[in-house]
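J.: This is final21.cif (mmCIF, C-alpha atoms).
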data_entry
#
loop_
_atom_site.label_atom_id
_atom_site.label_comp_id
_atom_site.auth_asym_id
_atom_site.auth_seq_id
_atom_site.Cartn_x
_atom_site.Cartn_y
_atom_site.Cartn_z
CA MET A 1 25.43 9.56 11.85
CA ASN A 2 23.23 8.61 14.76
CA SER A 3 24.23 10.75 17.73
CA THR A 4 22.05 8.86 20.20
CA ALA A 5 24.20 5.79 19.59
CA VAL A 6 27.44 7.67 20.16
CA LEU A 7 26.69 9.89 23.12
CA PRO A 8 26.54 8.18 26.51
CA ARG A 9 23.08 8.07 28.00
CA LYS A 10 22.61 10.73 30.70
CA ARG A 11 23.59 9.21 34.04
CA GLY A 12 20.57 8.03 35.96
CA ARG A 13 18.14 8.41 33.05
CA PRO A 14 16.04 5.27 33.29
CA ALA A 15 15.67 2.96 30.28
CA LYS A 16 11.92 3.50 30.34
CA ASP A 17 12.30 7.24 29.63
CA GLU A 18 14.64 6.49 26.75
CA GLY A 19 12.02 4.13 25.36
CA ASP A 20 9.30 6.74 25.79
CA TYR A 21 11.43 9.33 24.00
CA ARG A 22 11.94 7.03 21.03
CA ALA A 23 8.30 5.99 20.97
CA THR A 24 7.13 9.61 20.99
CA ARG A 25 9.59 10.59 18.28
CA GLU A 26 8.35 7.66 16.19
CA ALA A 27 4.75 8.74 16.76
CA LEU A 28 5.62 12.27 15.61
CA LEU A 29 7.28 10.93 12.47
CA ASN A 30 4.33 8.68 11.66
CA ALA A 31 1.79 11.44 12.23
CA GLY A 32 3.90 13.87 10.21
CA VAL A 33 4.17 11.51 7.22
CA ALA A 34 0.40 10.94 7.27
CA VAL A 35 -0.34 14.67 7.31
CA LEU A 36 2.25 15.54 4.63
CA THR A 37 0.92 12.90 2.22
CA GLU A 38 -2.51 14.47 2.62
CA LYS A 39 -1.95 18.20 2.94
CA GLY A 40 1.67 19.01 2.20
CA PHE A 41 4.01 21.21 4.20
CA SER A 42 2.61 24.74 3.86
CA ALA A 43 -0.89 23.88 5.04
CA THR A 44 0.36 21.76 7.94
CA GLY A 45 0.75 23.22 11.39
CA ILE A 46 3.24 21.59 13.73
CA ASP A 47 0.65 22.16 16.47
CA GLU A 48 -1.81 19.89 14.71
CA ILE A 49 0.75 17.06 14.56
CA LEU A 50 1.82 17.53 18.18
CA LYS A 51 -1.80 17.53 19.29
CA SER A 52 -2.61 14.33 17.39
CA VAL A 53 0.24 12.58 19.23
CA GLY A 54 -0.48 14.23 22.59
CA VAL A 55 2.86 16.04 22.84
CA PRO A 56 2.83 19.48 24.54
CA LYS A 57 3.67 22.34 22.21
CA GLY A 58 6.79 23.32 24.14
CA SER A 59 8.32 19.85 23.72
CA PHE A 60 8.73 19.88 19.95
CA TYR A 61 12.35 21.09 20.04
CA HIS A 62 13.18 18.26 22.39
CA PHE A 63 12.60 15.95 19.43
CA PHE A 64 13.63 18.03 16.39
CA ALA A 65 15.93 21.03 16.03
CA SER A 66 13.50 22.94 13.77
CA LYS A 67 10.47 22.58 11.52
CA GLU A 68 12.95 22.15 8.65
CA ALA A 69 14.79 19.33 10.47
CA PHE A 70 11.42 17.67 11.11
CA GLY A 71 10.54 17.99 7.41
CA ALA A 72 13.88 16.46 6.38
CA ALA A 73 13.33 13.57 8.82
CA LEU A 74 9.83 13.04 7.36
CA ILE A 75 11.17 12.86 3.80
CA ALA A 76 13.81 10.33 4.94
CA ARG A 77 11.21 8.28 6.80
CA TYR A 78 8.83 8.21 3.82
CA ASP A 79 11.70 7.17 1.54
CA GLU A 80 12.65 4.26 3.85
CA TYR A 81 9.05 3.08 3.92
CA PHE A 82 8.68 3.45 0.17
CA VAL A 83 11.95 1.72 -0.74
CA ARG A 84 10.94 -1.27 1.39
CA LYS A 85 7.66 -1.39 -0.52
CA LEU A 86 9.40 -1.10 -3.91
CA ASP A 87 11.87 -3.85 -3.03
CA ARG A 88 9.04 -6.12 -1.93
CA PHE A 89 7.51 -5.89 -5.41
CA PHE A 90 10.51 -5.30 -7.66
CA LEU A 91 12.62 -8.15 -6.21
CA ASP A 92 9.76 -10.67 -6.26
CA GLU A 93 11.11 -13.35 -8.59
CA ALA A 94 7.80 -15.21 -8.59
CA ARG A 95 6.57 -12.60 -11.08
CA SER A 96 7.93 -11.49 -14.45
CA PRO A 97 9.68 -8.08 -14.26
CA LEU A 98 6.83 -6.13 -15.91
CA ASP A 99 4.28 -7.98 -13.75
CA ARG A 100 6.20 -6.77 -10.69
CA ILE A 101 5.71 -3.17 -11.78
CA ASP A 102 2.01 -3.83 -12.36
CA ALA A 103 1.77 -5.41 -8.91
CA PHE A 104 3.32 -2.27 -7.40
CA PHE A 105 0.82 -0.07 -9.29
CA ALA A 106 -2.08 -2.23 -8.05
CA ASP A 107 -0.80 -2.05 -4.47
CA ALA A 108 -0.45 1.74 -4.67
CA GLU A 109 -4.04 1.93 -5.94
CA ARG A 110 -5.26 -0.13 -2.97
CA GLY A 111 -3.25 2.14 -0.66
CA MET A 112 -4.85 5.30 -2.05
CA LYS A 113 -8.33 3.74 -1.95
CA ARG A 114 -7.85 2.80 1.71
CA PHE A 115 -7.56 6.52 2.57
CA GLY A 116 -10.37 7.65 0.26
CA PHE A 117 -7.81 9.03 -2.25
CA ARG A 118 -7.01 11.82 0.20
CA ARG A 119 -3.39 10.78 0.67
CA GLY A 120 -0.99 11.04 -2.24
CA CYS A 121 2.77 10.88 -2.45
CA LEU A 122 4.75 12.88 0.11
CA VAL A 123 7.48 13.50 -2.47
CA GLY A 124 4.99 14.71 -5.10
CA ASN A 125 3.29 17.01 -2.60
CA LEU A 126 6.54 18.56 -1.45
CA GLY A 127 7.91 18.74 -5.00
CA GLN A 128 4.86 20.76 -5.98
CA GLU A 129 5.39 23.07 -2.99
CA MET A 130 9.13 23.54 -3.54
CA GLY A 131 8.59 27.26 -4.26
CA THR A 132 7.92 27.87 -0.58
CA LEU A 133 10.00 25.14 1.07
CA PRO A 134 13.51 25.19 2.59
CA GLU A 135 15.98 25.03 -0.30
CA ALA A 136 17.71 21.92 1.13
CA PHE A 137 14.56 19.86 0.46
CA ARG A 138 15.15 20.23 -3.30
CA ALA A 139 18.24 18.00 -3.41
CA GLN A 140 16.78 15.59 -0.86
CA LEU A 141 13.55 15.10 -2.84
CA THR A 142 15.44 14.77 -6.13
CA ASP A 143 17.74 12.12 -4.62
CA VAL A 144 14.76 10.18 -3.32
CA LEU A 145 13.21 10.08 -6.80
CA LEU A 146 16.54 9.08 -8.36
CA GLY A 147 16.76 6.19 -5.89
CA TRP A 148 13.30 4.94 -6.89
CA GLN A 149 14.26 5.35 -10.54
CA ARG A 150 17.45 3.29 -10.14
CA ARG A 151 15.44 0.44 -8.65
CA THR A 152 12.95 0.73 -11.51
CA ALA A 153 15.69 0.79 -14.17
CA THR A 154 17.02 -2.48 -12.71
CA VAL A 155 13.63 -4.19 -13.10
CA LEU A 156 13.32 -2.84 -16.64
CA GLU A 157 16.78 -4.23 -17.49
CA GLN A 158 15.62 -7.62 -16.24
CA ALA A 159 12.50 -7.28 -18.40
CA GLN A 160 14.81 -6.56 -21.31
CA ARG A 161 16.93 -9.67 -20.65
CA ASP A 162 13.74 -11.73 -20.42
CA GLY A 163 12.48 -10.34 -23.73
CA GLU A 164 9.49 -8.53 -22.21
CA ILE A 165 10.73 -5.22 -23.61
CA ASP A 166 12.77 -4.35 -26.66
CA ARG A 167 16.60 -4.37 -26.53
CA SER A 168 16.71 -0.80 -27.83
CA THR A 169 14.72 0.62 -24.88
CA ASP A 170 16.65 3.09 -22.70
CA CYS A 171 15.75 1.66 -19.28
CA THR A 172 17.10 4.65 -17.32
CA GLU A 173 15.02 7.08 -19.36
CA TRP A 174 11.88 4.93 -19.11
CA ALA A 175 12.36 4.64 -15.34
CA ALA A 176 12.36 8.45 -15.20
CA PHE A 177 9.29 8.49 -17.46
CA LEU A 178 7.52 6.08 -15.11
CA TRP A 179 8.10 8.21 -12.00
CA THR A 180 7.36 11.48 -13.75
CA GLY A 181 4.07 10.15 -15.08
CA TRP A 182 3.14 8.22 -11.96
CA GLU A 183 3.46 11.35 -9.78
CA GLY A 184 1.08 13.02 -12.23
CA ALA A 185 -1.32 10.08 -11.97
CA VAL A 186 -1.29 10.17 -8.16
CA LEU A 187 -1.98 13.92 -8.27
CA ARG A 188 -4.92 13.34 -10.62
CA ALA A 189 -6.30 10.43 -8.55
CA LYS A 190 -6.23 12.67 -5.49
CA LEU A 191 -7.95 15.48 -7.38
CA GLU A 192 -10.71 13.26 -8.79
CA ARG A 193 -10.84 10.93 -5.77
CA LYS A 194 -10.83 7.85 -7.95
CA ALA A 195 -8.57 5.08 -9.18
CA ALA A 196 -9.13 5.65 -12.92
CA PRO A 197 -6.05 7.88 -13.48
CA LEU A 198 -3.77 5.30 -11.81
CA GLN A 199 -5.25 2.44 -13.83
CA MET A 200 -5.04 4.43 -17.06
CA PHE A 201 -1.39 5.31 -16.48
CA ALA A 202 -0.43 1.73 -15.56
CA ARG A 203 -2.23 0.34 -18.64
CA ILE A 204 -0.71 2.76 -21.15
CA PHE A 205 2.75 2.51 -19.60
CA ARG A 206 2.76 -1.27 -19.99
CA GLN A 207 1.29 -1.09 -23.48
CA SER A 208 3.93 1.48 -24.53
CA ILE A 209 6.99 -0.24 -23.12
CA GLY A 210 5.99 -3.82 -23.99
CA ALA A 211 7.92 -5.46 -26.83
CA MET B 1 -24.29 35.23 -14.40
CA ASN B 2 -22.53 38.57 -14.38
CA SER B 3 -24.19 40.79 -11.79
CA THR B 4 -22.36 43.92 -12.92
CA ALA B 5 -24.12 43.64 -16.28
CA VAL B 6 -27.56 43.32 -14.69
CA LEU B 7 -27.48 45.84 -11.87
CA PRO B 8 -27.75 49.49 -12.87
CA ARG B 9 -24.57 51.43 -12.37
CA LYS B 10 -24.68 53.63 -9.27
CA ARG B 11 -26.06 57.00 -10.33
CA GLY B 12 -23.33 59.53 -10.90
CA ARG B 13 -20.49 57.03 -10.90
CA PRO B 14 -18.18 58.33 -13.60
CA ALA B 15 -17.02 56.11 -16.45
CA LYS B 16 -13.42 56.63 -15.35
CA ASP B 17 -14.07 54.94 -11.98
CA GLU B 18 -15.70 52.03 -13.77
CA GLY B 19 -12.57 51.71 -15.88
CA ASP B 20 -10.33 51.90 -12.81
CA TYR B 21 -12.41 49.22 -11.10
CA ARG B 22 -12.03 46.86 -14.04
CA ALA B 23 -8.32 47.62 -14.40
CA THR B 24 -7.68 46.94 -10.71
CA ARG B 25 -9.71 43.73 -10.81
CA GLU B 26 -7.68 42.65 -13.85
CA ALA B 27 -4.44 43.46 -12.03
CA LEU B 28 -5.58 41.36 -9.04
CA LEU B 29 -6.40 38.43 -11.33
CA ASN B 30 -3.05 38.66 -13.12
CA ALA B 31 -1.08 38.92 -9.87
CA GLY B 32 -3.11 36.06 -8.38
CA VAL B 33 -2.46 33.74 -11.33
CA ALA B 34 1.28 34.47 -11.16
CA VAL B 35 1.44 33.72 -7.44
CA LEU B 36 -0.69 30.55 -7.67
CA THR B 37 1.44 29.08 -10.47
CA GLU B 38 4.46 29.59 -8.24
CA LYS B 39 3.31 28.89 -4.70
CA GLY B 40 -0.18 27.45 -4.75
CA PHE B 41 -3.15 28.49 -2.66
CA SER B 42 -2.25 27.51 0.91
CA ALA B 43 1.05 29.37 1.00
CA THR B 44 -0.39 32.48 -0.65
CA GLY B 45 -1.62 35.37 1.44
CA ILE B 46 -4.25 37.64 -0.08
CA ASP B 47 -2.33 40.50 1.54
CA GLU B 48 0.72 39.74 -0.57
CA ILE B 49 -1.33 39.91 -3.79
CA LEU B 50 -3.13 43.10 -2.74
CA LYS B 51 0.19 44.71 -1.83
CA SER B 52 1.79 43.80 -5.17
CA VAL B 53 -1.08 45.56 -6.97
CA GLY B 54 -1.25 48.47 -4.51
CA VAL B 55 -4.81 47.78 -3.35
CA PRO B 56 -5.59 48.56 0.31
CA LYS B 57 -6.38 45.49 2.39
CA GLY B 58 -9.90 46.62 3.18
CA SER B 59 -10.83 46.86 -0.51
CA PHE B 60 -10.52 43.18 -1.39
CA TYR B 61 -14.21 42.43 -0.87
CA HIS B 62 -15.09 45.25 -3.22
CA PHE B 63 -13.62 43.07 -5.97
CA PHE B 64 -14.33 39.49 -4.84
CA ALA B 65 -16.93 38.07 -2.46
CA SER B 66 -14.43 35.81 -0.68
CA LYS B 67 -11.00 34.20 -0.95
CA GLU B 68 -12.81 31.19 -2.44
CA ALA B 69 -14.53 33.34 -5.10
CA PHE B 70 -11.14 34.87 -5.92
CA GLY B 71 -9.63 31.37 -6.26
CA ALA B 72 -12.45 30.27 -8.58
CA ALA B 73 -11.95 33.39 -10.72
CA LEU B 74 -8.20 32.65 -10.89
CA ILE B 75 -8.81 29.08 -12.08
CA ALA B 76 -11.22 30.40 -14.74
CA ARG B 77 -8.75 33.08 -15.81
CA TYR B 78 -5.87 30.59 -16.09
CA ASP B 79 -8.08 28.24 -18.11
CA GLU B 80 -9.00 31.03 -20.57
CA TYR B 81 -5.34 31.90 -21.02
CA PHE B 82 -4.33 28.29 -21.40
CA VAL B 83 -7.07 27.34 -23.86
CA ARG B 84 -6.05 30.27 -26.07
CA LYS B 85 -2.50 28.95 -25.99
CA LEU B 86 -3.58 25.38 -26.77
CA ASP B 87 -5.76 26.53 -29.68
CA ARG B 88 -2.89 28.56 -31.08
CA PHE B 89 -0.77 25.38 -31.32
CA PHE B 90 -3.36 22.64 -31.81
CA LEU B 91 -5.25 24.42 -34.62
CA ASP B 92 -2.09 25.41 -36.50
CA GLU B 93 -2.58 23.62 -39.81
CA ALA B 94 0.91 24.57 -40.98
CA ARG B 95 2.19 21.74 -38.78
CA SER B 96 1.35 18.02 -38.69
CA PRO B 97 -0.89 17.12 -35.71
CA LEU B 98 1.89 15.47 -33.67
CA ASP B 99 4.24 18.37 -34.48
CA ARG B 100 1.61 20.74 -33.05
CA ILE B 101 1.76 18.89 -29.74
CA ASP B 102 5.56 19.03 -29.81
CA ALA B 103 5.39 22.76 -30.53
CA PHE B 104 3.14 23.22 -27.50
CA PHE B 105 5.60 21.24 -25.33
CA ALA B 106 8.51 23.37 -26.59
CA ASP B 107 6.57 26.58 -25.89
CA ALA B 108 5.71 25.42 -22.36
CA GLU B 109 9.40 24.67 -21.79
CA ARG B 110 10.32 28.21 -22.90
CA GLY B 111 7.63 29.57 -20.59
CA MET B 112 8.98 27.70 -17.57
CA LYS B 113 12.55 28.67 -18.40
CA ARG B 114 11.55 32.35 -18.58
CA PHE B 115 10.57 32.22 -14.90
CA GLY B 116 13.57 30.16 -13.78
CA PHE B 117 11.34 27.03 -13.48
CA ARG B 118 9.69 28.59 -10.44
CA ARG B 119 6.24 28.76 -12.02
CA GLY B 120 4.41 25.56 -12.85
CA CYS B 121 0.81 24.82 -13.75
CA LEU B 122 -1.87 26.50 -11.65
CA VAL B 123 -4.14 23.47 -12.12
CA GLY B 124 -1.41 21.03 -11.07
CA ASN B 125 -0.56 23.11 -8.00
CA LEU B 126 -4.16 23.36 -6.87
CA GLY B 127 -4.85 19.70 -7.72
CA GLN B 128 -1.99 18.71 -5.42
CA GLU B 129 -3.41 20.93 -2.66
CA MET B 130 -7.02 19.74 -3.03
CA GLY B 131 -6.90 18.21 0.48
CA THR B 132 -7.03 21.69 1.98
CA LEU B 133 -8.96 23.64 -0.67
CA PRO B 134 -12.66 24.57 -0.94
CA GLU B 135 -14.48 21.48 -2.19
CA ALA B 136 -15.98 23.35 -5.18
CA PHE B 137 -12.50 23.67 -6.70
CA ARG B 138 -12.42 19.90 -7.28
CA ALA B 139 -15.07 19.87 -10.00
CA GLN B 140 -13.78 23.11 -11.49
CA LEU B 141 -10.19 21.83 -11.80
CA THR B 142 -11.37 18.47 -13.17
CA ASP B 143 -13.50 20.23 -15.81
CA VAL B 144 -10.56 22.39 -16.84
CA LEU B 145 -8.38 19.31 -17.39
CA LEU B 146 -11.18 17.56 -19.30
CA GLY B 147 -11.45 20.61 -21.58
CA TRP B 148 -7.71 20.47 -22.34
CA GLN B 149 -8.02 16.73 -22.93
CA ARG B 150 -10.89 17.14 -25.39
CA ARG B 151 -8.80 19.57 -27.44
CA THR B 152 -5.88 17.13 -27.30
CA ALA B 153 -8.06 14.16 -28.34
CA THR B 154 -9.15 16.17 -31.39
CA VAL B 155 -5.53 16.70 -32.49
CA LEU B 156 -4.76 13.03 -31.89
CA GLU B 157 -7.76 12.03 -34.06
CA GLN B 158 -6.36 14.23 -36.81
CA ALA B 159 -2.97 12.54 -36.39
CA GLN B 160 -4.79 9.22 -36.75
CA ARG B 161 -6.50 10.30 -39.96
CA ASP B 162 -3.14 11.50 -41.29
CA GLY B 163 -1.51 8.18 -40.45
CA GLU B 164 0.86 9.64 -37.82
CA ILE B 165 -0.58 7.30 -35.19
CA ASP B 166 -2.13 3.86 -35.38
CA ARG B 167 -5.87 3.43 -36.09
CA SER B 168 -6.25 1.28 -32.97
CA THR B 169 -5.08 4.07 -30.61
CA ASP B 170 -7.73 5.27 -28.15
CA CYS B 171 -7.29 9.03 -28.62
CA THR B 172 -9.40 9.98 -25.59
CA GLU B 173 -7.36 7.75 -23.30
CA TRP B 174 -4.04 8.97 -24.73
CA ALA B 175 -5.17 12.57 -24.28
CA ALA B 176 -5.75 11.78 -20.59
CA PHE B 177 -2.35 10.06 -20.48
CA LEU B 178 -0.72 13.17 -21.94
CA TRP B 179 -2.17 15.54 -19.34
CA THR B 180 -1.61 13.17 -16.45
CA GLY B 181 2.03 12.70 -17.40
CA TRP B 182 2.62 16.31 -18.39
CA GLU B 183 1.46 17.58 -15.00
CA GLY B 184 3.99 15.17 -13.48
CA ALA B 185 6.71 16.49 -15.80
CA VAL B 186 5.94 20.13 -14.88
CA LEU B 187 6.10 19.20 -11.19
CA ARG B 188 9.47 17.53 -11.71
CA ALA B 189 10.86 20.42 -13.80
CA LYS B 190 9.87 22.79 -10.99
CA LEU B 191 11.48 20.55 -8.40
CA GLU B 192 14.75 20.15 -10.31
CA ARG B 193 14.66 23.64 -11.86
CA LYS B 194 15.51 22.30 -15.28
CA ALA B 195 13.95 21.46 -18.63
CA ALA B 196 15.12 17.82 -18.79
CA PRO B 197 11.90 16.28 -17.34
CA LEU B 198 9.75 18.19 -19.88
CA GLN B 199 11.99 17.16 -22.79
CA MET B 200 12.08 13.55 -21.63
CA PHE B 201 8.30 13.35 -21.33
CA ALA B 202 7.73 14.97 -24.74
CA ARG B 203 10.24 12.63 -26.40
CA ILE B 204 8.88 9.39 -24.91
CA PHE B 205 5.27 10.44 -25.45
CA ARG B 206 5.90 11.00 -29.16
CA GLN B 207 7.93 7.82 -29.46
CA SER B 208 5.20 5.79 -27.72
CA ILE B 209 2.21 7.11 -29.62
CA GLY B 210 3.89 7.29 -33.03
CA ALA B 211 2.78 4.69 -35.58
#
What does the file become when written as C-alpha cells?

T.:
Amino acid sequence: MNSTAVLPRKRGRPAKDEGDYRATREALLNAGVAVLTEKGFSATGIDEILKSVGVPKGSFYHFFASKEAFGAALIARYDEYFVRKLDRFFLDEARSPLDRIDAFFADAERGMKRFGFRRGCLVGNLGQEMGTLPEAFRAQLTDVLLGWQRRTATVLEQAQRDGEIDRSTDCTEWAAFLWTGWEGAVLRAKLERKAAPLQMFARIFRQSIGA
Amino acid sequence: MNSTAVLPRKRGRPAKDEGDYRATREALLNAGVAVLTEKGFSATGIDEILKSVGVPKGSFYHFFASKEAFGAALIARYDEYFVRKLDRFFLDEARSPLDRIDAFFADAERGMKRFGFRRGCLVGNLGQEMGTLPEAFRAQLTDVLLGWQRRTATVLEQAQRDGEIDRSTDCTEWAAFLWTGWEGAVLRAKLERKAAPLQMFARIFRQSIGA
C-alpha cells in the first residue's frame, strides 16, 4: 500500500518539492542500508545517518514514523536490492545452474572487497542483534531469508534436472543450508577482513552438493 | 601477566576481602558472558551488568581497567568455558569421532533451547559487531575460532583414520567449514527462535563429510 499514490498531493505544493522529498527519503534509505550493513542497528545513531545526508534532526519524522519504521523500510530496501542481484545471477541461462551460484558467490566477494570487508549482510547483522530489536523485525528478516532460499531452491532444482546434482538431493533443505552457511561465511570474512572464508565456503558447498 | 600475583597484597588487607574481590570479579565475568551471548557488546551497558551483580557503578574500575579490558576478559572466559565443553565431547573415546561432533551439536541445541534461543555464541555476536568494537578484539576472536578449529580438525583426522570420512578430505578446511557454517546456524536459530537451523546444519554436515 503506497499512501503517496493514493492521497491527493497538497494543493499548491510544487512538483519540485515533491521530488526533493522523494530524493531525500531515498538518500536516507541508501545511507541507512550502508550503515546497517557495516554496524548494525544498536550501534547506529539516527543522527549520524541524518547528518551524512544533510537532513536536520527535527525532520526525521517527516520521512519515517519512527526508528522502527525506518528499520523496517531499510530491511525491505535491502531485500529489493538483493533479490535483483540474485535474479541477475540465478536466472542467467548462459551459465549452468551451479555456475550461477558460484558467480553470485564471486560477485558477493568482490562486493565485500570493495568496502574493505567492513560491510556484511544487513540481514545477518540484524539477525544477530534480534535480542535487542523490535519484535516485528523477526518475521520480516525470516521472510527475507525464505525468499532468497526459494530462489536458490529453484536453481538447485534446475541443476538436478541438468544432472549437476544428484536426484536424491533435497533442494529446499540445501538452499537453507546455503544461506545458513553463507551468513556465517560473511560474518567470518568481516571479522578477518579477508575473502578466504567466502572462498572456502563456496568451494566446499559446490564440492558437497555436486553429483 | 597477572599483576595481582606479582604485587604484594596491601598490608593488613584481610583474606576475606581478597575472597570477596575474586568472587565479585567472577560474578561480573559470569554476568557479562550471559549478556554478551544474548545482546552483544554495543547494546550492553556496563551499568546493567554491575546492577545485576549488585556492584556500585563507581567500583567497576576496581575490577577492570576499562570496558575494553572487560570485553577481552569476557572473550577469554567464554573461550575457556567453550574449550572445556569441546574437549568433553571431542575427546570422548566411547563415541566414534563423527558421533562426538554430533553429540556436541545436540548439546549446543539443548543449551540454546534452555535459554529460549535468546543466547547465541559470544564469538559470533562480537564477530558480527567487529565494525564498532575495539580493534584488538579482532585478533582475539580469530584466535579463539582457530583454537576451536584445531580441536575439530583433530577429531576429523581421527574419523579419517577410522574410515568414517574419506582419505582425500582436507580436515583443516572442513574444520573451518564447520565453524563458519555453525556460527551461521546459531545466528539463524536465534533469529527464528527454534532448533531447526541447528539440526539442519548438523544433518547436512554429517551427510556431506561422511565417506

J.: Which residues, written as number ranges by chain, have at least one atom at most 10 Å from Glu109 of chain B, with all atoms listed in the file counted and residues fewer than 6 positions away on the same chain left out?

T.: B: 103, 117, 186, 189, 194-199

J.: Assuming the chain letters and numbering stay as they are in my file, what does the PyMOL selection byres ((chain A) within 8 of (chain B)) actually select? List them as a PyMOL selection string.

T.: chain A and resi 38-40+42-43+118+124-125+127-132+138+142+173-174+177+180-185+187-188+190-192+197+200-201+204+208-209

J.: Between A:Ser59, A:Gln160, A:Ser168, A:Gln140, which one has atoms that come closest to Leu28 of chain A, using all atoms listed in the file?

T.: A:Ser59

J.: One decimal, Å: what's the distance from atom CA of Leu29 of chain A over to atom CA of Leu91 of chain A, could you say?

T.: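 We find that atom CA of Leu29 of chain A and atom CA of Leu91 of chain A lie 27.2 Å from each other.
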
J.: Enumerate, as a list in words, the residues matched when the PyMOL selection byres ((chain A and resi 89) around 12) is run on the file above.

T.: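 With the shown file as input, the PyMOL selection byres ((chain A and resi 89) around 12) matches Phe82, Val83, Arg84, Lys85, Leu86, Asp87, Arg88, Phe90, Leu91, Asp92, Glu93, Ala94, Arg95, Ser96, Pro97, Leu98, Asp99, Arg100, Ile101, Asp102, Ala103, Phe104, Phe105, Ala106, Asp107, Ala108, Arg151, Thr152 and Val155 of chain A.
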
J.: What does the distance from atom CA of Ala31 of chain A to atom CA of Ala72 of chain A come to in Å, to one decimal?

T.: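 Here the two named atoms are 14.3 Å from each other.
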
J.: For the atom pair atom CA of Ile75 of chain A and atom CA of Gln149 of chain A, what is the interatomic distance in Å to one decimal place?

T.: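 These two atoms are separated by 16.5 Å.
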
J.: Choose the residue, out of B:Gly71, B:Gly116, B:Gly54, B:Gly32, that has the smallest atom-to-atom separation from Pro134 of chain B; count all atoms listed in the file.

T.: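 That would be B:Gly71, the residue with the smallest distance to Pro134 of chain B.
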
J.: Would you mind listing what lies within 12 Å of Asn30 of chain A as a PDB file with C-alpha atoms, keeping the file's coordinate frame, with all atoms listed in the file counted and same-chain residues fewer than 6 positions away left out?

T.:
ATOM      1  CA  ALA A  23       8.300   5.990  20.970  1.00  0.00           C
ATOM      2  CA  THR A  24       7.130   9.610  20.990  1.00  0.00           C
ATOM      3  CA  LEU A  36       2.250  15.540   4.630  1.00  0.00           C
ATOM      4  CA  THR A  37       0.920  12.900   2.220  1.00  0.00           C
ATOM      5  CA  ILE A  49       0.750  17.060  14.560  1.00  0.00           C
ATOM      6  CA  LEU A  50       1.820  17.530  18.180  1.00  0.00           C
ATOM      7  CA  SER A  52      -2.610  14.330  17.390  1.00  0.00           C
ATOM      8  CA  VAL A  53       0.240  12.580  19.230  1.00  0.00           C
ATOM      9  CA  PHE A  70      11.420  17.670  11.110  1.00  0.00           C
ATOM     10  CA  GLY A  71      10.540  17.990   7.410  1.00  0.00           C
ATOM     11  CA  ALA A  73      13.330  13.570   8.820  1.00  0.00           C
ATOM     12  CA  LEU A  74       9.830  13.040   7.360  1.00  0.00           C
ATOM     13  CA  ILE A  75      11.170  12.860   3.800  1.00  0.00           C
ATOM     14  CA  ALA A  76      13.810  10.330   4.940  1.00  0.00           C
ATOM     15  CA  ARG A  77      11.210   8.280   6.800  1.00  0.00           C
ATOM     16  CA  TYR A  78       8.830   8.210   3.820  1.00  0.00           C
ATOM     17  CA  TYR A  81       9.050   3.080   3.920  1.00  0.00           C
TER      18      TYR A  81
END

J.: Need the shell around Arg150 of chain A: protein/DNA/RNA residues with any atom at most 8 Å away, counting all atoms listed in the file. Skip same-chain ones fewer than 3 positions apart. Format as an mmCIF file with C-alpha atoms, in the frame of the given file?

T.:
data_model
loop_
_atom_site.group_PDB
_atom_site.id
_atom_site.type_symbol
_atom_site.label_atom_id
_atom_site.label_comp_id
_atom_site.auth_asym_id
_atom_site.auth_seq_id
_atom_site.Cartn_x
_atom_site.Cartn_y
_atom_site.Cartn_z
ATOM 1 C CA LEU A 146 16.540 9.080 -8.360
ATOM 2 C CA GLY A 147 16.760 6.190 -5.890
ATOM 3 C CA ALA A 153 15.690 0.790 -14.170
ATOM 4 C CA THR A 154 17.020 -2.480 -12.710
ATOM 5 C CA THR A 172 17.100 4.650 -17.320
ATOM 6 C CA ALA A 175 12.360 4.640 -15.340
#

J.: Take the PyMOL selection byres ((chain A and resi 164) around 8), apply it to the structure above, and return the hits as an NGL selection string.

T.: :A and (97-98 or 159-163 or 165-166 or 210-211)
